[in-house]
Amino acid sequence: MVFDDEINCDLAIIGAGMTGMAASLFAADQGVDTVQIGVASQIIFSSGLLDLLGVHPVEEGKTWEDPFKAFDQLVRDLPDHPYARINKNHLRESFQEVTGFLAKGGLPYQVNKDRNTRVITSLGTLKPTYGVPKTMWNGVKALQKQQPGLIIDIRGLRGFSARQIVETLKPIWPELRHSRISFPDMQSAREVYTEPMARSLAVPENRIKLANLIQPLVKNAGIVGLPAILGMQDSLQVQQHLEELIGCPLFEIPTMPPSIPGLRLRETFEMNLPAKGVRLLYQNRVTQISRHKDAFLLEIGSGSPVSRVRAKGVIMATGRFLGKGLYADRKRIREPLLNLPVYQPGIRPEWHRFDFMDPRGHLINRAGLEIDSRFRPLNQSGKPVFDNLFAAGSILAHQDWMRMKCGSGLAMATAYAAVNAFLE
Ligand SMILES: Cc1cc2nc3c(=O)[nH]c(=O)nc-3n(C[C@H](O)[C@H](O)[C@H](O)COP(=O)(O)OP(=O)(O)OC[C@H]3O[C@@H](n4cnc5c(N)ncnc54)[C@H](O)[C@@H]3O)c2cc1C
């Protein structure tokens with residue numbers, strides 16, 4: 001085959017979800033010549049919250065105040081979980097490196113040191129998480145103080161109901177009320193979407209129009225919550241300007257995916273990784289991997305143009321079914337790039353439990369690649385498939401990140417471990 005382009009590098013990272021982004025950052029910070037390939041979809045970064053570990057055991061739905069204590073317990077109970085392959089400090093260090101990078105890129109996060117924080121969701125429930133976008137932090141404090149507050153609904157925005165939030169939170173936040181507005185210049189739209197609203201707030205005149213609608217509704221409320229639409233990369237300035245105009249603190253509430261805080265995360269990585277020397281091949285898929293002497297050859301894209309990447313090592317951060325890192329046919333689950341063995345429930349009827357809401361989760365949500373202590377995928381005999389092939393993130397077996405509320409922690413900490421294993 002003739003290739004339009006051939007790129008040499010030390011490390012190729014496949015995947016542009018949280019795991020691939022974090023791995024690229026860690027590799028670049030270590031001075032590794034890195035190429036990252038993948039399709040960075042907005043949805044896979046929803047909701048923008050950075051969970052380390054919130055729930056364990058999932059069967060009991062036990063939530064934890066301290067994610068690091070939860071980590072100790074999980075490692076004792078589930079020795080096959082990927083967290084059992086990492087040092088607890090790596091969870092902290094990877095989180096600090098990622099959030100330090102995001103803060104420099106204009107997207108600061110806030111934490112309660114060693115404590116999970118409960119963040120209000122668009123349903124009015126509380127979600128335990130660790131890293132909270134700074135634009136949501138005022139809401140965390142106001143909930144603790146039960147300060148009189150107002151939640152704003154936007155006419156035509158689906159999946160967000162201020163009324164429901166207020167009703168659900170009533171037992172723990174009684175002095176909360178709600179009001180509805182039409183977003184400026186979108187009054188005639190039957191449906192409105194978060195991204196155009198967030199982008200429109202880059203223009204100061206639009207903030208003034210929005211503030212003029214909200215200000216008369218505030219009355220005795222000391223704080224106002226809105227769906228997460230306060231700008232894109234300029235969210236802190238937008239928030240600050242609106243607070244000045246309205247005259248009280250504001251906070252964002254995450255919306256249903258795809259959400260603006262998730263999009264901000266994606267854009268911050270995309271805009272700032274190249275300055276670290278990472279070569280990005282986004283909107284591209286790896287269609288084939290082969291091993292030639294001591295290098296991996298990755299074919300990128302189908303049709304034309306087709307590029308080839310030659311790398312000494314590869315990290316597979318290709319995710320599960322959503323990212324197409326795993327593929328389920330009628331009988332079995334496959335890993336499509338290298339046909340690696342996938343840990344999976346024995347037969348298809350066992351993939352899902354009878355009750356969709358079963359608190360134990362579904363066995364298919366623990367399917368994935370099995371790895372050794374250096375994050376190398378294993379073959380049928382339990383040996384690493386290749387010396388320099390690593391896997392990280394949600395493609396790994398024996399974890400249910402969604403129920404355990406450990407999505408970003410798993411992504412960052414295992415990416416960290418895989419990059420370190422490559423460096424070894
Ligand atoms: C609805 C939703 C809500 C979420 N909410 C939270 C939350 O509240 N808190 C939290 O911490 N995390 C949350 N997450 C995100 C979660 O952290 C990550 O999605 C999850 O951990 C998986 O990350 P990943 O990078 O391993 O996989 P994915 O996010 O699935 O990314 C895999 C990537 O690999 C790419 N890929 C696959 N095959 C190829 C190929 N052949 N060539 C090139 N690229 C390929 C895909 O295009 C994709 O970019 C949420 C995710 C979703 C979907």
# chains A, B, ... in the order shown; residues from 1 in each chain; ligands from 1
call {"tool": "residues_near_ligand", "arguments": {"ligand": "ligand 1", "cutoff": "8 Å", "atoms": "only C-alpha atoms and all ligand atoms", "output": "ChimeraX atom specification"}}
result
/A:14-21,37-41,43-52,129,256-258,284-288,300,316-326,336-337,392-395,401-402,405-411
call {"tool": "select_by_dssp", "arguments": {"residues": "stretch 69-225 of chain A", "states": "strand (DSSP E)", "output": "PyMOL selection string"}}
result
chain A and resi 109-110+117-120+126-129+132-133+149-154+176-181+223-225
call {"tool": "closest_residue", "arguments": {"among": "A:Glu191, A:Asp294, A:Glu175, A:Glu244", "to": "A:Asn220", "atoms": "only C-alpha atoms"}}
result
A:Glu175
call {"tool": "atom_distance", "arguments": {"atom1": "atom CA of A:His398", "atom2": "atom CA of A:Lys62"}}
result
18.4 Å
call {"tool": "select_by_dssp", "arguments": {"residues": "stretch 160-381 of chain A", "states": "alpha helix (DSSP H)", "output": "MDAnalysis selection string"}}
result
chainID A and resid 162:169 194:200 204:218 235:246 260:272
call {"tool": "residues_around", "arguments": {"residues": "A:Ser94", "least_positions_apart": "2", "cutoff": "9 Å", "atoms": "only C-alpha atoms", "output": "ChimeraX atom specification"}}
result
/A:22,26,89-92,96-99,409,412-416
call {"tool": "write_last_selection", "arguments": {"atoms": "N, CA, C and O atoms", "output": "JSON list (two decimals), in the first residue's frame"}}
result
[["chain", "number", "residue", "atom", "x", "y", "z"],
["A", 22, "ALA", "N", -4.92, 12.11, 28.80],
["A", 22, "ALA", "CA", -4.04, 12.11, 29.99],
["A", 22, "ALA", "C", -2.72, 11.43, 29.65],
["A", 22, "ALA", "O", -1.65, 11.93, 30.02],
["A", 26, "PHE", "N", 1.04, 13.01, 30.07],
["A", 26, "PHE", "CA", 2.09, 12.44, 30.91],
["A", 26, "PHE", "C", 3.34, 12.12, 30.07],
["A", 26, "PHE", "O", 4.46, 12.36, 30.50],
["A", 89, "ASN", "N", -0.54, 6.62, 45.37],
["A", 89, "ASN", "CA", 0.03, 7.94, 45.07],
["A", 89, "ASN", "C", -0.11, 8.30, 43.60],
["A", 89, "ASN", "O", -0.16, 9.47, 43.24],
["A", 90, "HIS", "N", -0.14, 7.27, 42.75],
["A", 90, "HIS", "CA", -0.28, 7.54, 41.31],
["A", 90, "HIS", "C", -1.65, 8.16, 41.00],
["A", 90, "HIS", "O", -1.79, 8.92, 40.06],
["A", 91, "LEU", "N", -2.63, 7.78, 41.81],
["A", 91, "LEU", "CA", -3.96, 8.37, 41.62],
["A", 91, "LEU", "C", -3.89, 9.87, 41.92],
["A", 91, "LEU", "O", -4.38, 10.70, 41.15],
["A", 92, "ARG", "N", -3.24, 10.21, 43.02],
["A", 92, "ARG", "CA", -3.09, 11.62, 43.38],
["A", 92, "ARG", "C", -2.25, 12.37, 42.35],
["A", 92, "ARG", "O", -2.60, 13.45, 41.90],
["A", 96, "GLN", "N", -3.24, 15.45, 39.97],
["A", 96, "GLN", "CA", -2.62, 16.78, 40.11],
["A", 96, "GLN", "C", -2.01, 17.24, 38.79],
["A", 96, "GLN", "O", -2.10, 18.41, 38.43],
["A", 97, "GLU", "N", -1.40, 16.30, 38.07],
["A", 97, "GLU", "CA", -0.76, 16.70, 36.80],
["A", 97, "GLU", "C", -1.82, 17.14, 35.79],
["A", 97, "GLU", "O", -1.66, 18.15, 35.10],
["A", 98, "VAL", "N", -2.92, 16.41, 35.73],
["A", 98, "VAL", "CA", -3.98, 16.77, 34.78],
["A", 98, "VAL", "C", -4.63, 18.09, 35.18],
["A", 98, "VAL", "O", -4.79, 19.00, 34.35],
["A", 99, "THR", "N", -4.98, 18.24, 36.45],
["A", 99, "THR", "CA", -5.69, 19.47, 36.84],
["A", 99, "THR", "C", -4.75, 20.69, 36.79],
["A", 99, "THR", "O", -5.20, 21.79, 36.51],
["A", 409, "GLY", "N", -10.69, 9.00, 37.27],
["A", 409, "GLY", "CA", -9.56, 8.50, 38.06],
["A", 409, "GLY", "C", -8.95, 7.28, 37.39],
["A", 409, "GLY", "O", -7.72, 7.17, 37.26],
["A", 412, "MET", "N", -7.05, 8.49, 34.27],
["A", 412, "MET", "CA", -5.80, 9.21, 34.52],
["A", 412, "MET", "C", -4.75, 8.30, 35.16],
["A", 412, "MET", "O", -3.59, 8.28, 34.73],
["A", 413, "ALA", "N", -5.16, 7.55, 36.19],
["A", 413, "ALA", "CA", -4.16, 6.77, 36.94],
["A", 413, "ALA", "C", -3.61, 5.62, 36.10],
["A", 413, "ALA", "O", -2.41, 5.30, 36.18],
["A", 414, "THR", "N", -4.46, 4.98, 35.29],
["A", 414, "THR", "CA", -3.94, 3.87, 34.49],
["A", 414, "THR", "C", -3.12, 4.40, 33.31],
["A", 414, "THR", "O", -2.15, 3.77, 32.89],
["A", 415, "ALA", "N", -3.48, 5.58, 32.80],
["A", 415, "ALA", "CA", -2.66, 6.21, 31.74],
["A", 415, "ALA", "C", -1.27, 6.52, 32.30],
["A", 415, "ALA", "O", -0.25, 6.30, 31.65],
["A", 416, "TYR", "N", -1.25, 7.01, 33.51],
["A", 416, "TYR", "CA", 0.01, 7.34, 34.20],
["A", 416, "TYR", "C", 0.87, 6.08, 34.34],
["A", 416, "TYR", "O", 2.07, 6.08, 34.05]]
call {"tool": "closest_atom_pairs", "arguments": {"of": "stretch 156-179 of chain A", "to": "stretch 142-146 of chain A", "cutoff": "10 Å", "atoms": "only C-alpha atoms", "output": "CSV"}}
result
residue,atom,partner,partner_atom,distance
A:Leu169,CA,A:Leu143,CA,9.3
A:Ile172,CA,A:Gln146,CA,7.6
A:Trp173,CA,A:Gln146,CA,5.3
A:Pro174,CA,A:Gln146,CA,7.4
A:Glu175,CA,A:Gln146,CA,6.9
A:Leu176,CA,A:Gln146,CA,8.3
call {"tool": "write_last_selection", "arguments": {"atoms": "C-alpha atoms", "output": "PDB file, in the first residue's frame"}}
result
ATOM      1  CA  LEU A 169     -33.537  19.062  46.989  1.00  0.00           C
ATOM      2  CA  ILE A 172     -31.881  19.310  52.327  1.00  0.00           C
ATOM      3  CA  TRP A 173     -32.126  22.782  50.766  1.00  0.00           C
ATOM      4  CA  PRO A 174     -35.545  24.166  51.740  1.00  0.00           C
ATOM      5  CA  GLU A 175     -34.933  27.790  50.774  1.00  0.00           C
ATOM      6  CA  LEU A 176     -34.471  27.114  47.113  1.00  0.00           C
TER       7      LEU A 176
END
call {"tool": "closest_residue", "arguments": {"among": "A:Ala23, A:Asn8, A:Arg118, A:Arg158", "to": "A:Phe95", "atoms": "only C-alpha atoms"}}
result
A:Ala23
